[in-house]
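J.: File model03.txt follows (compact mmCIF, C-alpha atoms and all ligand atoms):
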# COMPACT_ATOMS: atom_id res chain seq x y z
CA MET A 264 -23.76 25.90 34.33
CA SER A 265 -21.30 23.31 35.65
CA LEU A 266 -20.40 20.40 33.45
CA LEU A 267 -19.21 18.46 36.49
CA LYS A 268 -22.31 18.56 38.68
CA ASP A 269 -24.60 15.57 39.05
CA THR A 270 -27.68 17.26 37.55
CA GLU A 271 -30.69 16.15 35.53
CA LEU A 272 -29.65 18.63 32.82
CA ASN A 273 -26.16 17.14 32.50
CA HIS A 274 -27.63 13.64 32.34
CA MET A 275 -30.14 14.64 29.65
CA ALA A 276 -27.39 16.40 27.66
CA LYS A 277 -25.29 13.22 27.80
CA LEU A 278 -28.22 11.16 26.52
CA MET A 279 -28.92 13.71 23.76
CA PHE A 280 -25.29 13.56 22.67
CA LYS A 281 -26.16 10.34 20.80
CA TRP A 282 -28.24 12.39 18.38
CA ALA A 283 -25.45 14.95 17.93
CA TYR A 284 -22.92 12.15 17.42
CA PHE A 285 -24.81 10.43 14.60
CA ASN A 286 -26.19 13.58 12.96
CA LEU A 287 -23.40 16.13 13.39
CA LEU A 288 -20.11 14.74 14.65
CA LEU A 289 -19.80 11.78 12.28
CA LYS A 290 -20.84 13.97 9.36
CA GLY A 291 -17.94 16.27 10.16
CA ALA A 292 -20.27 19.15 10.99
CA TRP A 293 -19.85 22.05 13.38
CA LEU A 294 -20.36 21.03 17.01
CA GLY A 295 -21.26 23.77 19.45
CA PRO A 296 -20.10 27.36 19.96
CA PRO A 297 -16.40 28.07 20.69
CA ASP A 298 -17.32 29.54 24.14
CA LEU A 299 -18.42 26.07 25.25
CA MET A 300 -14.76 25.12 25.47
CA MET A 301 -14.28 27.12 28.67
CA GLU A 302 -17.78 26.50 30.11
CA GLY A 303 -17.56 25.07 33.62
CA LYS A 304 -13.78 25.63 33.71
CA VAL A 305 -13.67 29.40 34.24
CA ARG A 306 -15.40 30.85 37.30
CA MET B 175 -5.72 10.49 -9.36
CA LYS B 176 -4.16 11.22 -5.95
CA LYS B 177 -5.05 8.95 -3.05
CA LEU B 178 -5.99 9.69 0.52
CA VAL B 179 -6.42 6.54 2.60
CA ILE B 180 -8.03 6.47 6.04
CA LEU B 181 -7.44 3.52 8.37
CA GLY B 182 -10.43 2.87 10.63
CA GLY B 183 -14.04 3.87 9.97
CA GLY B 184 -15.03 4.56 13.59
CA THR B 185 -15.54 8.00 15.09
CA GLY B 186 -12.35 9.69 13.88
CA GLY B 187 -12.04 8.01 10.48
CA THR B 188 -15.65 8.58 9.40
CA MET B 189 -15.63 12.19 10.56
CA MET B 190 -12.34 12.93 8.75
CA ALA B 191 -13.49 11.32 5.50
CA ASN B 192 -16.71 13.34 5.46
CA LYS B 193 -14.95 16.60 6.35
CA LEU B 194 -12.27 16.15 3.70
CA ARG B 195 -14.61 14.98 0.93
CA LYS B 196 -16.39 18.35 1.11
CA ASP B 197 -13.17 20.26 0.46
CA LEU B 198 -10.83 18.07 -1.58
CA ASP B 199 -11.06 18.28 -5.37
CA ASP B 200 -12.28 15.34 -7.43
CA ASP B 201 -8.72 14.49 -8.43
CA TRP B 202 -8.36 13.11 -4.88
CA SER B 203 -9.88 9.72 -4.08
CA ILE B 204 -10.74 8.97 -0.43
CA THR B 205 -10.77 5.36 0.79
CA ILE B 206 -11.68 4.17 4.29
CA ILE B 207 -10.51 0.70 5.32
CA ASP B 208 -12.13 -1.00 8.31
CA LYS B 209 -12.46 -4.60 9.42
CA ASP B 210 -16.27 -4.50 9.60
CA ASN B 211 -19.38 -2.52 8.78
CA ILE B 212 -20.73 -2.07 12.31
CA HIS B 213 -20.55 1.34 13.91
CA TYR B 214 -20.99 1.19 17.68
CA TYR B 215 -21.91 4.33 19.59
CA GLN B 216 -19.50 3.55 22.44
CA PRO B 217 -20.81 6.07 25.01
CA GLY B 218 -24.04 4.01 24.85
CA TYR B 219 -22.17 1.01 26.31
CA LEU B 220 -22.52 2.80 29.65
CA PHE B 221 -26.31 2.96 29.44
CA VAL B 222 -27.17 -0.47 28.02
CA PRO B 223 -26.55 -2.34 31.33
CA PHE B 224 -29.18 -0.11 32.96
CA ASP B 225 -31.69 -0.37 30.09
CA ILE B 226 -31.38 3.36 29.41
CA ASN B 227 -30.18 2.63 25.87
CA LYS B 228 -31.28 -0.46 23.96
CA PRO B 229 -28.50 -2.37 22.14
CA ARG B 230 -30.16 -1.74 18.75
CA GLU B 231 -30.01 2.04 19.35
CA ILE B 232 -26.23 2.09 19.57
CA ARG B 233 -25.35 -0.28 16.72
CA ARG B 234 -25.57 1.07 13.19
CA SER B 235 -24.05 0.43 9.79
CA LYS B 236 -20.75 2.24 9.14
CA ARG B 237 -21.65 2.71 5.49
CA GLU B 238 -24.76 4.68 6.50
CA PHE B 239 -22.53 7.52 7.75
CA ILE B 240 -19.98 7.56 4.94
CA ASN B 241 -20.84 10.22 2.35
CA PRO B 242 -20.98 9.59 -1.42
CA GLY B 243 -17.61 9.95 -3.14
CA ILE B 244 -15.81 7.95 -0.43
CA GLU B 245 -14.84 4.35 -1.07
CA PHE B 246 -15.38 1.97 1.83
CA VAL B 247 -13.29 -1.21 1.93
CA ILE B 248 -14.07 -3.91 4.49
CA SER B 249 -11.04 -5.97 5.45
CA ASP B 250 -8.58 -6.41 8.30
CA ILE B 251 -5.56 -4.14 7.94
CA THR B 252 -2.57 -6.43 8.25
CA ASN B 253 0.40 -4.12 7.69
CA VAL B 254 1.24 -0.43 7.49
CA ASP B 255 4.43 0.49 5.62
CA TRP B 256 5.22 4.20 5.84
CA ASP B 257 8.37 3.88 3.73
CA LYS B 258 6.59 2.27 0.78
CA GLN B 259 3.40 4.27 1.46
CA GLU B 260 1.50 1.02 1.33
CA ILE B 261 -1.28 -0.61 3.37
CA SER B 262 -1.85 -4.37 3.27
CA THR B 263 -5.20 -5.95 3.99
CA ALA B 264 -6.29 -9.52 4.70
CA THR B 265 -8.66 -9.93 1.74
CA GLU B 266 -8.59 -6.81 -0.47
CA GLY B 267 -4.91 -6.59 -1.42
CA LYS B 268 -2.63 -3.59 -1.02
CA PHE B 269 -3.42 0.13 -1.10
CA ASN B 270 -0.94 2.90 -1.89
CA TYR B 271 -1.48 6.41 -0.63
CA ASP B 272 -0.34 9.98 -1.07
CA ILE B 273 -1.84 10.96 2.28
CA LEU B 274 -2.56 8.61 5.16
CA VAL B 275 -4.93 9.32 8.07
CA MET B 276 -4.86 6.74 10.85
CA ALA B 277 -7.80 6.27 13.25
CA THR B 278 -7.80 2.64 14.39
CA GLY B 279 -8.65 3.44 18.00
CA CYS B 280 -7.98 1.22 20.99
CA ASP B 281 -9.66 -1.72 22.65
CA ILE B 282 -9.68 -3.61 25.94
CA ARG B 283 -7.22 -6.44 26.54
CA PRO B 284 -8.35 -8.63 29.50
CA ASP B 285 -5.64 -11.11 28.46
CA GLU B 286 -3.03 -8.62 29.69
CA VAL B 287 -3.93 -9.21 33.37
CA GLU B 288 -3.24 -12.55 35.01
CA GLY B 289 -6.52 -14.36 35.73
CA LEU B 290 -8.79 -11.70 34.23
CA GLU B 291 -9.65 -13.37 30.94
CA GLU B 292 -10.21 -16.78 32.60
CA GLY B 293 -12.58 -15.22 35.10
CA TRP B 294 -14.52 -13.13 32.56
CA GLY B 295 -18.22 -14.00 32.90
CA HIS B 296 -17.69 -15.60 36.35
CA ASP B 297 -18.86 -12.66 38.45
CA ILE B 298 -16.50 -10.52 36.36
CA TYR B 299 -18.11 -8.28 33.75
CA GLY B 300 -17.29 -5.22 31.74
CA TYR B 301 -18.99 -2.71 29.48
CA TYR B 302 -16.28 -1.58 27.05
CA ARG B 303 -17.55 -3.89 24.30
CA PHE B 304 -21.00 -4.35 22.78
CA ASN B 305 -21.55 -7.94 23.98
CA ASP B 306 -20.04 -7.23 27.38
CA CYS B 307 -22.41 -4.39 28.20
CA GLN B 308 -25.40 -6.63 27.45
CA GLU B 309 -24.03 -9.46 29.63
CA LEU B 310 -23.40 -6.97 32.43
CA GLY B 311 -27.04 -5.83 32.16
CA LYS B 312 -28.21 -9.43 32.69
CA ALA B 313 -25.81 -9.89 35.62
CA LEU B 314 -27.01 -6.67 37.26
CA LYS B 315 -30.60 -7.89 37.11
CA ARG B 316 -29.55 -11.11 38.88
CA PHE B 317 -27.48 -9.27 41.51
CA LYS B 318 -29.28 -9.34 44.88
CA GLY B 319 -26.65 -7.57 46.98
CA GLY B 320 -23.06 -7.71 48.15
CA ARG B 321 -19.91 -5.87 47.17
CA MET B 322 -19.67 -4.46 43.67
CA VAL B 323 -16.15 -3.41 42.77
CA VAL B 324 -15.60 -1.12 39.79
CA ASN B 325 -11.93 -1.45 38.87
CA ILE B 326 -9.72 0.36 36.38
CA ALA B 327 -6.76 -1.93 35.68
CA GLU B 328 -4.44 0.81 34.42
CA MET B 329 -4.39 4.08 32.52
CA PRO B 330 -4.87 5.20 29.82
CA ILE B 331 -8.43 4.10 29.13
CA LYS B 332 -11.08 5.32 26.73
CA CYS B 333 -13.32 7.94 28.27
CA PRO B 334 -11.56 8.13 31.66
CA VAL B 335 -14.68 9.36 33.43
CA ALA B 336 -16.85 6.43 32.25
CA PRO B 337 -15.95 4.17 35.23
CA LEU B 338 -17.13 6.81 37.72
CA GLU B 339 -20.25 7.40 35.65
CA PHE B 340 -20.86 3.67 35.84
CA ALA B 341 -20.52 3.71 39.65
CA PHE B 342 -22.97 6.64 39.87
CA LEU B 343 -25.47 4.91 37.59
CA ALA B 344 -25.14 1.72 39.65
CA ASP B 345 -25.93 3.76 42.79
CA TRP B 346 -29.07 5.12 41.11
CA TYR B 347 -30.04 1.68 39.73
CA PHE B 348 -29.80 -0.10 43.09
CA HIS B 349 -31.81 2.70 44.71
CA GLU B 350 -34.51 2.22 42.04
CA ARG B 351 -34.56 -1.49 42.82
CA GLY B 352 -34.81 -0.76 46.53
CA ILE B 353 -31.65 -2.72 47.37
CA ARG B 354 -29.08 0.08 47.67
CA ASP B 355 -28.59 -0.64 51.39
CA ASP B 356 -27.65 -4.22 50.51
CA VAL B 357 -24.96 -3.18 48.01
CA GLU B 358 -21.50 -1.79 48.78
CA ILE B 359 -19.98 0.03 45.83
CA GLU B 360 -16.19 0.36 45.73
CA PHE B 361 -14.29 2.30 43.12
CA VAL B 362 -10.79 0.84 42.88
CA THR B 363 -8.44 2.92 40.78
CA PRO B 364 -4.73 3.20 39.94
CA LEU B 365 -5.07 6.98 40.20
CA SER B 366 -4.36 8.86 43.42
CA GLY B 367 -8.01 9.96 43.63
CA ALA B 368 -11.37 9.84 41.89
CA PHE B 369 -10.10 11.45 38.69
CA THR B 370 -7.06 12.71 36.86
CA LYS B 371 -7.42 16.47 37.35
CA PRO B 372 -7.57 18.23 40.76
CA VAL B 373 -10.72 20.34 40.27
CA ALA B 374 -12.70 17.41 38.87
CA THR B 375 -11.26 15.11 41.55
CA LYS B 376 -12.55 17.37 44.34
CA VAL B 377 -16.08 17.54 42.91
CA LEU B 378 -16.20 13.85 42.08
CA THR B 379 -14.80 12.77 45.47
CA ASP B 380 -17.57 14.75 47.17
CA ALA B 381 -20.11 13.12 44.87
CA CYS B 382 -18.78 9.66 45.79
CA GLU B 383 -19.09 10.52 49.49
CA ASP B 384 -22.69 11.69 49.01
CA LYS B 385 -23.51 8.44 47.23
CA ASN B 386 -21.65 6.23 49.70
CA ILE B 387 -19.21 5.01 47.05
CA LYS B 388 -15.87 4.07 48.61
CA ILE B 389 -12.76 5.09 46.67
CA VAL B 390 -9.69 2.83 46.88
CA PRO B 391 -6.84 4.83 45.22
CA ASN B 392 -3.32 3.88 44.07
CA PHE B 393 -4.32 0.30 43.30
CA ALA B 394 -2.13 -1.05 40.49
CA LEU B 395 -3.88 -4.25 39.45
CA GLY B 396 -1.54 -7.25 39.25
CA SER B 397 -3.87 -10.23 39.06
CA VAL B 398 -7.41 -11.49 39.51
CA ASP B 399 -8.47 -14.68 41.28
CA HIS B 400 -12.02 -15.36 40.19
CA LYS B 401 -12.36 -18.45 42.38
CA ALA B 402 -11.47 -16.54 45.55
CA LYS B 403 -13.27 -13.43 44.14
CA VAL B 404 -10.38 -11.14 44.89
CA ILE B 405 -8.27 -8.66 42.96
CA GLN B 406 -4.61 -8.23 43.91
CA ALA B 407 -2.38 -5.23 43.42
CA PHE B 408 1.34 -5.41 42.68
CA ASP B 409 2.07 -4.15 46.21
CA GLY B 410 0.21 -7.15 47.68
CA SER B 411 -2.97 -5.35 48.75
CA GLU B 412 -6.25 -7.08 47.96
CA VAL B 413 -9.89 -6.18 47.45
CA GLU B 414 -12.65 -8.77 47.65
CA TYR B 415 -15.73 -8.59 45.47
CA ASP B 416 -19.04 -10.29 44.80
CA MET B 417 -19.30 -8.69 41.39
CA LEU B 418 -16.30 -7.19 39.61
CA VAL B 419 -16.95 -4.59 36.92
CA SER B 420 -13.61 -4.46 35.19
CA ILE B 421 -12.07 -1.92 32.86
CA PRO B 422 -9.10 -3.93 31.56
CA PRO B 423 -5.97 -2.37 30.03
CA ASN B 424 -6.68 -0.52 26.77
CA PHE B 425 -4.31 -1.16 23.87
CA GLY B 426 -4.04 0.37 20.42
CA ALA B 427 -4.49 -1.83 17.35
CA GLN B 428 -2.19 -4.88 17.37
CA VAL B 429 -1.42 -4.32 13.67
CA MET B 430 0.41 -1.11 14.56
CA ILE B 431 2.68 -3.03 16.95
CA ASP B 432 3.22 -5.72 14.31
CA SER B 433 4.04 -3.06 11.71
CA GLY B 434 6.71 -1.64 14.02
CA ILE B 435 5.17 1.84 14.17
CA ALA B 436 3.61 1.84 17.66
CA ASP B 437 4.80 1.67 21.25
CA PRO B 438 4.42 -1.63 23.16
CA MET B 439 0.81 -0.72 24.02
CA GLY B 440 -0.07 -0.14 20.38
CA TYR B 441 -0.21 3.66 20.56
CA ILE B 442 1.38 5.53 17.68
CA PRO B 443 3.91 8.18 18.77
CA VAL B 444 3.06 11.57 17.25
CA ASP B 445 3.87 15.20 17.84
CA LYS B 446 1.14 16.19 20.32
CA HIS B 447 0.39 19.46 18.51
CA THR B 448 0.54 18.41 14.84
CA LEU B 449 -0.54 14.77 15.40
CA GLN B 450 2.09 13.61 12.91
CA PRO B 451 4.70 10.89 13.44
CA GLU B 452 8.25 12.23 13.33
CA GLY B 453 9.60 12.58 9.80
CA ARG B 454 6.31 11.63 8.07
CA ASP B 455 4.89 14.73 6.48
CA ASN B 456 2.01 12.93 4.72
CA VAL B 457 0.77 10.90 7.73
CA TRP B 458 -1.63 12.06 10.44
CA VAL B 459 -3.06 10.12 13.39
CA LEU B 460 -6.15 11.03 15.43
CA GLY B 461 -8.38 9.62 18.12
CA ASP B 462 -7.67 6.86 20.63
CA GLY B 463 -4.75 5.36 18.69
CA THR B 464 -2.21 8.13 19.39
CA ASP B 465 0.16 8.36 22.34
CA VAL B 466 -0.78 11.98 23.12
CA PRO B 467 -1.43 12.65 26.82
CA THR B 468 -5.06 13.65 26.49
CA SER B 469 -8.39 11.91 27.14
CA LYS B 470 -9.23 9.12 24.75
CA ALA B 471 -12.64 10.51 23.81
CA GLY B 472 -14.75 11.09 20.74
CA ALA B 473 -14.90 14.76 21.68
CA VAL B 474 -11.08 14.94 21.56
CA ALA B 475 -11.08 13.19 18.17
CA HIS B 476 -13.58 15.80 16.97
CA PHE B 477 -11.33 18.73 17.88
CA GLN B 478 -8.25 16.92 16.55
CA GLY B 479 -10.23 16.50 13.33
CA ASP B 480 -10.43 20.29 12.93
CA VAL B 481 -6.63 20.48 13.15
CA LEU B 482 -6.12 17.68 10.63
CA HIS B 483 -8.69 19.15 8.26
CA GLU B 484 -6.96 22.52 8.16
CA ASN B 485 -3.42 21.13 7.94
CA ILE B 486 -4.18 18.47 5.33
CA LEU B 487 -5.81 21.06 3.08
CA ALA B 488 -2.75 23.30 3.56
CA TYR B 489 -0.44 20.37 2.73
CA VAL B 490 -2.41 19.64 -0.46
CA SER B 491 -2.26 23.26 -1.61
CA GLY B 492 1.38 23.67 -0.56
CA GLY B 493 0.53 26.27 2.11
CA GLU B 494 1.67 26.72 5.70
CA GLN B 495 0.17 24.35 8.29
CA HIS B 496 -0.87 26.56 11.19
CA ALA B 497 -3.39 24.47 13.15
CA ARG B 498 -2.22 22.98 16.47
CA SER B 499 -4.00 20.52 18.74
CA ASP B 500 -4.14 21.28 22.47
CA GLY B 501 -5.90 18.06 23.47
CA HIS B 502 -9.10 19.62 24.82
CA ALA B 503 -12.31 17.61 24.99
CA VAL B 504 -14.88 20.39 25.47
C1 LIG A 601 -17.89 2.98 27.69
C2 LIG A 601 -17.41 4.12 26.84
C3 LIG A 601 -17.96 5.38 27.03
C4 LIG A 601 -17.53 6.45 26.28
N1 LIG A 601 -18.10 7.69 26.47
C5 LIG A 601 -17.64 8.74 25.77
C6 LIG A 601 -18.22 10.04 25.97
O1 LIG A 601 -19.15 10.21 26.76
N2 LIG A 601 -17.73 11.08 25.26
C7 LIG A 601 -16.71 10.91 24.36
O2 LIG A 601 -16.30 11.89 23.74
N3 LIG A 601 -16.15 9.69 24.14
C8 LIG A 601 -16.59 8.61 24.82
N4 LIG A 601 -16.04 7.38 24.60
C9 LIG A 601 -14.84 7.25 23.74
C10 LIG A 601 -15.12 7.28 22.25
O3 LIG A 601 -16.07 6.29 21.90
C11 LIG A 601 -13.80 7.03 21.53
O4 LIG A 601 -12.84 7.93 22.04
C12 LIG A 601 -13.90 7.25 20.04
O5 LIG A 601 -14.80 6.34 19.47
C13 LIG A 601 -12.51 7.12 19.41
O6 LIG A 601 -12.57 7.20 18.02
P1 LIG A 601 -11.46 6.50 17.12
O7 LIG A 601 -11.82 6.83 15.72
O8 LIG A 601 -10.12 6.81 17.62
O9 LIG A 601 -11.67 4.93 17.39
P2 LIG A 601 -12.95 4.01 17.09
O10 LIG A 601 -14.20 4.83 17.00
O11 LIG A 601 -12.92 2.94 18.13
O12 LIG A 601 -12.66 3.39 15.64
C14 LIG A 601 -11.58 2.55 15.40
C15 LIG A 601 -11.92 1.75 14.14
O13 LIG A 601 -10.75 1.09 13.68
C16 LIG A 601 -11.10 -0.19 13.23
N5 LIG A 601 -9.93 -1.06 13.30
C17 LIG A 601 -9.11 -1.27 14.36
N6 LIG A 601 -8.13 -2.14 14.03
C18 LIG A 601 -8.34 -2.50 12.73
C19 LIG A 601 -7.68 -3.38 11.83
N7 LIG A 601 -6.58 -4.08 12.17
N8 LIG A 601 -8.18 -3.52 10.58
C20 LIG A 601 -9.27 -2.82 10.20
N9 LIG A 601 -9.94 -1.96 11.01
C21 LIG A 601 -9.48 -1.81 12.26
C22 LIG A 601 -12.22 -0.63 14.17
O14 LIG A 601 -13.04 -1.62 13.58
C23 LIG A 601 -12.98 0.69 14.40
O15 LIG A 601 -14.05 0.84 13.50
C24 LIG A 601 -16.49 6.25 25.31
C25 LIG A 601 -15.96 4.98 25.10
C26 LIG A 601 -16.40 3.92 25.85
C27 LIG A 601 -15.83 2.55 25.62
Kindly present the structure from the file in structure tokens form.

T.:
Amino acid sequence: MSLLKDTELNHMAKLMFKWAYFNLLLKGAWLGPPDLMMEGKVR
Amino acid sequence: MKKLVILGGGTGGTMMANKLRKDLDDDWSITIIDKDNIHYYQPGYLFVPFDINKPREIRRSKREFINPGIEFVISDITNVDWDKQEISTATEGKFNYDILVMATGCDIRPDEVEGLEEGWGHDIYGYYRFNDCQELGKALKRFKGGRMVVNIAEMPIKCPVAPLEFAFLADWYFHERGIRDDVEIEFVTPLSGAFTKPVATKVLTDACEDKNIKIVPNFALGSVDHKAKVIQAFDGSEVEYDMLVSIPPNFGAQVMIDSGIADPMGYIPVDKHTLQPEGRDNVWVLGDGTDVPTSKAGAVAHFQGDVLHENILAYVSGGEQHARSDGHAV
């Protein structure tokens, strides 16, 4: 997975982030696994 | 009763209040102060011009997201006094605090560039505010072809990748309308390339080439002439446009400048790891309003929130504060 590539999946994930924002992030909830932090950065 | 006051009920302030309410005892009150009750989902500003998000989908009530047990005060913050531990508001009086969390964000300031504010709405549009992104959507529908210039006036800006995303979406949109061959898209930036970091710059430069988006780097915007439809850099170079999509300078809250606690751009100086102003052990700042050299993004505010949560609880219990922010966004 590359977070930088111009892909349908990345676009859909960006659109779905709205749900995560209102339902998780604002509520102060957990947001994704710790491994995600290095996803797309480490090859 | 001990008092924790949070300035700003946007992304960072709301998240911090909800996190802390779960873990602070009932002998702590939590109060959020914000100037209004409208919560905008700002990443949606990018999609409204292209009808991918509807305006109503990205505009909600702030109160809706603030958990029970948190007081929400609606008023303009007019002064912050760290020495007296006191916040003044326009209509609700003064608030004292034992702990202060500051999350008043940043906003665009077209008035900071000569000619930009006067030209706003005359073939100059933006999408960093709710009304602006709707006006830009209308202008895009009217646009029949010509040169669209996407311009970042200066750094830092909120969500530094949003201008490139806008250019990519515009490329897609004009293709969908069957007029892509009639539109030139230019990305005019003060940076030396497409983005701030080398790996991302390489990938994004290639993407711009594939999409026939021209990058004009190292362009430090000095002024805008909306009658001549041209933007000028301080070094004298010029770029002409038919439609200018402008990302004006971003400033922190004016009240922080007026209170004498921010730099000239309204950003509050903090230690970049602890997110605390020097010598203020009961004050923390998160989100777009700090001067830390990281992206101004909700994702960054989220991870900063974890640091504040841990360290504020340690401060309250008299323990060691171990958490450190490293500025990452994902
Ligand atoms: C076009 C665009 C796209 C974006 N895309 C993304 C993205 O994809 N991913 C991402 O992570 N981030 C993105 N962001 C950035 C993200 O929205 C911000 O970084 C985030 O909202 C910052 O949170 P904050 O709490 O610091 O500020 P805000 O959420 O802006 O909240 C600040 C609050 O302070 C209040 N306030 C300010 N001054 C006063 C005053 N004097 N008195 C009372 N109240 C006051 C305001 O009313 C506001 O509610 C985007 C932003 C934009 C504009």

J.: Need to verify the contact set: Val323 in chain B, 12 Å, only C-alpha atoms, exclusion of same-chain residues closer than 5 positions in sequence. Can you return it as a VMD selection string?

T.: chain B and resid 297 to 300 337 to 338 340 to 341 344 357 to 363 387 to 390 403 to 405 412 to 421

J.: Could you list, as a PyMOL selection string, every residue of chain B that has an atom within 9 Å of an atom of chain A, counting only C-alpha atoms?

T.: chain B and resi 184-194+215+217-218+221+226-227+232+239-241+373-374+377-378+381+472-473+476+479-480+502-504

J.: Write out the residues from the selection above, keeping C-alpha atoms, as a compact mmCIF listing (two decimals), keeping the file's coordinate frame.

T.:
# COMPACT_ATOMS: atom_id res chain seq x y z
CA GLY B 184 -15.03 4.56 13.59
CA THR B 185 -15.54 8.00 15.09
CA GLY B 186 -12.35 9.69 13.88
CA GLY B 187 -12.04 8.01 10.48
CA THR B 188 -15.65 8.58 9.40
CA MET B 189 -15.63 12.19 10.56
CA MET B 190 -12.34 12.93 8.75
CA ALA B 191 -13.49 11.32 5.50
CA ASN B 192 -16.71 13.34 5.46
CA LYS B 193 -14.95 16.60 6.35
CA LEU B 194 -12.27 16.15 3.70
CA TYR B 215 -21.91 4.33 19.59
CA PRO B 217 -20.81 6.07 25.01
CA GLY B 218 -24.04 4.01 24.85
CA PHE B 221 -26.31 2.96 29.44
CA ILE B 226 -31.38 3.36 29.41
CA ASN B 227 -30.18 2.63 25.87
CA ILE B 232 -26.23 2.09 19.57
CA PHE B 239 -22.53 7.52 7.75
CA ILE B 240 -19.98 7.56 4.94
CA ASN B 241 -20.84 10.22 2.35
CA VAL B 373 -10.72 20.34 40.27
CA ALA B 374 -12.70 17.41 38.87
CA VAL B 377 -16.08 17.54 42.91
CA LEU B 378 -16.20 13.85 42.08
CA ALA B 381 -20.11 13.12 44.87
CA GLY B 472 -14.75 11.09 20.74
CA ALA B 473 -14.90 14.76 21.68
CA HIS B 476 -13.58 15.80 16.97
CA GLY B 479 -10.23 16.50 13.33
CA ASP B 480 -10.43 20.29 12.93
CA HIS B 502 -9.10 19.62 24.82
CA ALA B 503 -12.31 17.61 24.99
CA VAL B 504 -14.88 20.39 25.47

J.: Would you be able to write out as a VMD selection string which residues have an atom within 12 Å of (-10.0, 2.1, -1.8) in the file's coordinates, counting only C-alpha atoms?

T.: chain B and resid 176 to 181 202 to 208 243 to 249 260 to 263 266 to 271

J.: Counting only C-alpha atoms and all ligand atoms, which residues of chain B fall within 7 Å of ligand LIG 601 (chain A), and what is the closest atom pair for each with its distance in Å at one decimal, ordered by chain and rising number, as a tab-separated table?

T.:
residue	atom	partner	partner_atom	distance
B:Leu181	CA	A:LIG601	N9	6.6
B:Gly182	CA	A:LIG601	O13	3.5
B:Gly183	CA	A:LIG601	O15	4.7
B:Gly184	CA	A:LIG601	O12	3.3
B:Thr185	CA	A:LIG601	O10	3.9
B:Gly186	CA	A:LIG601	O7	3.4
B:Gly187	CA	A:LIG601	O7	5.4
B:Ile207	CA	A:LIG601	C20	6.1
B:Asp208	CA	A:LIG601	N9	3.6
B:Lys209	CA	A:LIG601	C20	3.7
B:Asp210	CA	A:LIG601	O14	5.9
B:His213	CA	A:LIG601	O15	6.5
B:Tyr215	CA	A:LIG601	O3	6.6
B:Gln216	CA	A:LIG601	O3	4.4
B:Pro217	CA	A:LIG601	N1	3.5
B:Gly218	CA	A:LIG601	C3	6.6
B:Tyr219	CA	A:LIG601	C1	4.9
B:Leu220	CA	A:LIG601	C1	5.0
B:Ser249	CA	A:LIG601	C20	6.0
B:Asp250	CA	A:LIG601	N8	3.7
B:Ile251	CA	A:LIG601	N8	3.8
B:Thr252	CA	A:LIG601	N7	6.1
B:Ala277	CA	A:LIG601	O7	4.8
B:Thr278	CA	A:LIG601	O13	3.4
B:Gly279	CA	A:LIG601	O9	3.4
B:Cys280	CA	A:LIG601	O11	6.0
B:Tyr301	CA	A:LIG601	C1	6.1
B:Tyr302	CA	A:LIG601	C27	4.4
B:Arg303	CA	A:LIG601	C27	6.8
B:Lys332	CA	A:LIG601	C25	5.2
B:Cys333	CA	A:LIG601	N4	4.6
B:Ala336	CA	A:LIG601	C3	5.4
B:Ala427	CA	A:LIG601	N6	4.9
B:Gln428	CA	A:LIG601	N7	6.9
B:Val429	CA	A:LIG601	N7	5.4
B:Leu460	CA	A:LIG601	O8	6.2
B:Gly461	CA	A:LIG601	O8	3.3
B:Asp462	CA	A:LIG601	O8	3.9
B:Gly463	CA	A:LIG601	O8	5.7
B:Lys470	CA	A:LIG601	O4	4.7
B:Ala471	CA	A:LIG601	O4	3.1
B:Gly472	CA	A:LIG601	O2	3.5
B:Ala473	CA	A:LIG601	O2	3.8
B:Val474	CA	A:LIG601	O2	6.4
B:Ala475	CA	A:LIG601	O6	6.2

J.: Between CA of Asp465 in chain B and CA of Ile442 in chain B, what is the spacing in Å?

T.: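 It comes out at 5.6 Å.
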
J.: Considering all atoms listed in the file, return as a compact mmCIF listing (two decimals) with C-alpha atoms, in the frame of the given file whatever protein or nucleic-acid residues lie within 10 Å of range 487-497 of chain B, sequence-local ones (same chain, fewer than 3 positions apart) excluded.

T.:
# COMPACT_ATOMS: atom_id res chain seq x y z
CA LEU B 194 -12.27 16.15 3.70
CA ASP B 197 -13.17 20.26 0.46
CA LEU B 198 -10.83 18.07 -1.58
CA TRP B 202 -8.36 13.11 -4.88
CA ASP B 272 -0.34 9.98 -1.07
CA ILE B 273 -1.84 10.96 2.28
CA HIS B 447 0.39 19.46 18.51
CA THR B 448 0.54 18.41 14.84
CA ASP B 455 4.89 14.73 6.48
CA ASN B 456 2.01 12.93 4.72
CA GLN B 478 -8.25 16.92 16.55
CA ASP B 480 -10.43 20.29 12.93
CA VAL B 481 -6.63 20.48 13.15
CA LEU B 482 -6.12 17.68 10.63
CA HIS B 483 -8.69 19.15 8.26
CA GLU B 484 -6.96 22.52 8.16
CA ASP B 500 -4.14 21.28 22.47

J.: Just to confirm, what's the straight-line distance from CA of Trp256 in chain B to CA of Pro330 in chain B in Å (one decimal)?

T.: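 Value for the CA of Trp256 in chain B-CA of Pro330 in chain B distance: 26.0 Å.
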
J.: Find the spatial neighbours of Gly367 in chain B, counting all atoms listed in the file, within a cut-off of 9 Å - ignore same-chain residues fewer than 3 positions away - and output them as a list in words.

T.: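 After dropping sequence-adjacent residues, the list is Thr363, Pro364, Thr370, Pro372, Thr375, Lys376, Thr379, Ile389, Val390, Pro391 and Asn392 of chain B.
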
J.: Could you work out an axis-aligned bounding box for all listed atoms of range 288-307 of chain B, with 4 Å added on each of the six sides, and give its centre and edge lengths in Å to one decimal, as JSON?

T.:
{"center_x": -12.8, "center_y": -9.2, "center_z": 30.6, "size_x": 27.2, "size_y": 23.2, "size_z": 23.7}
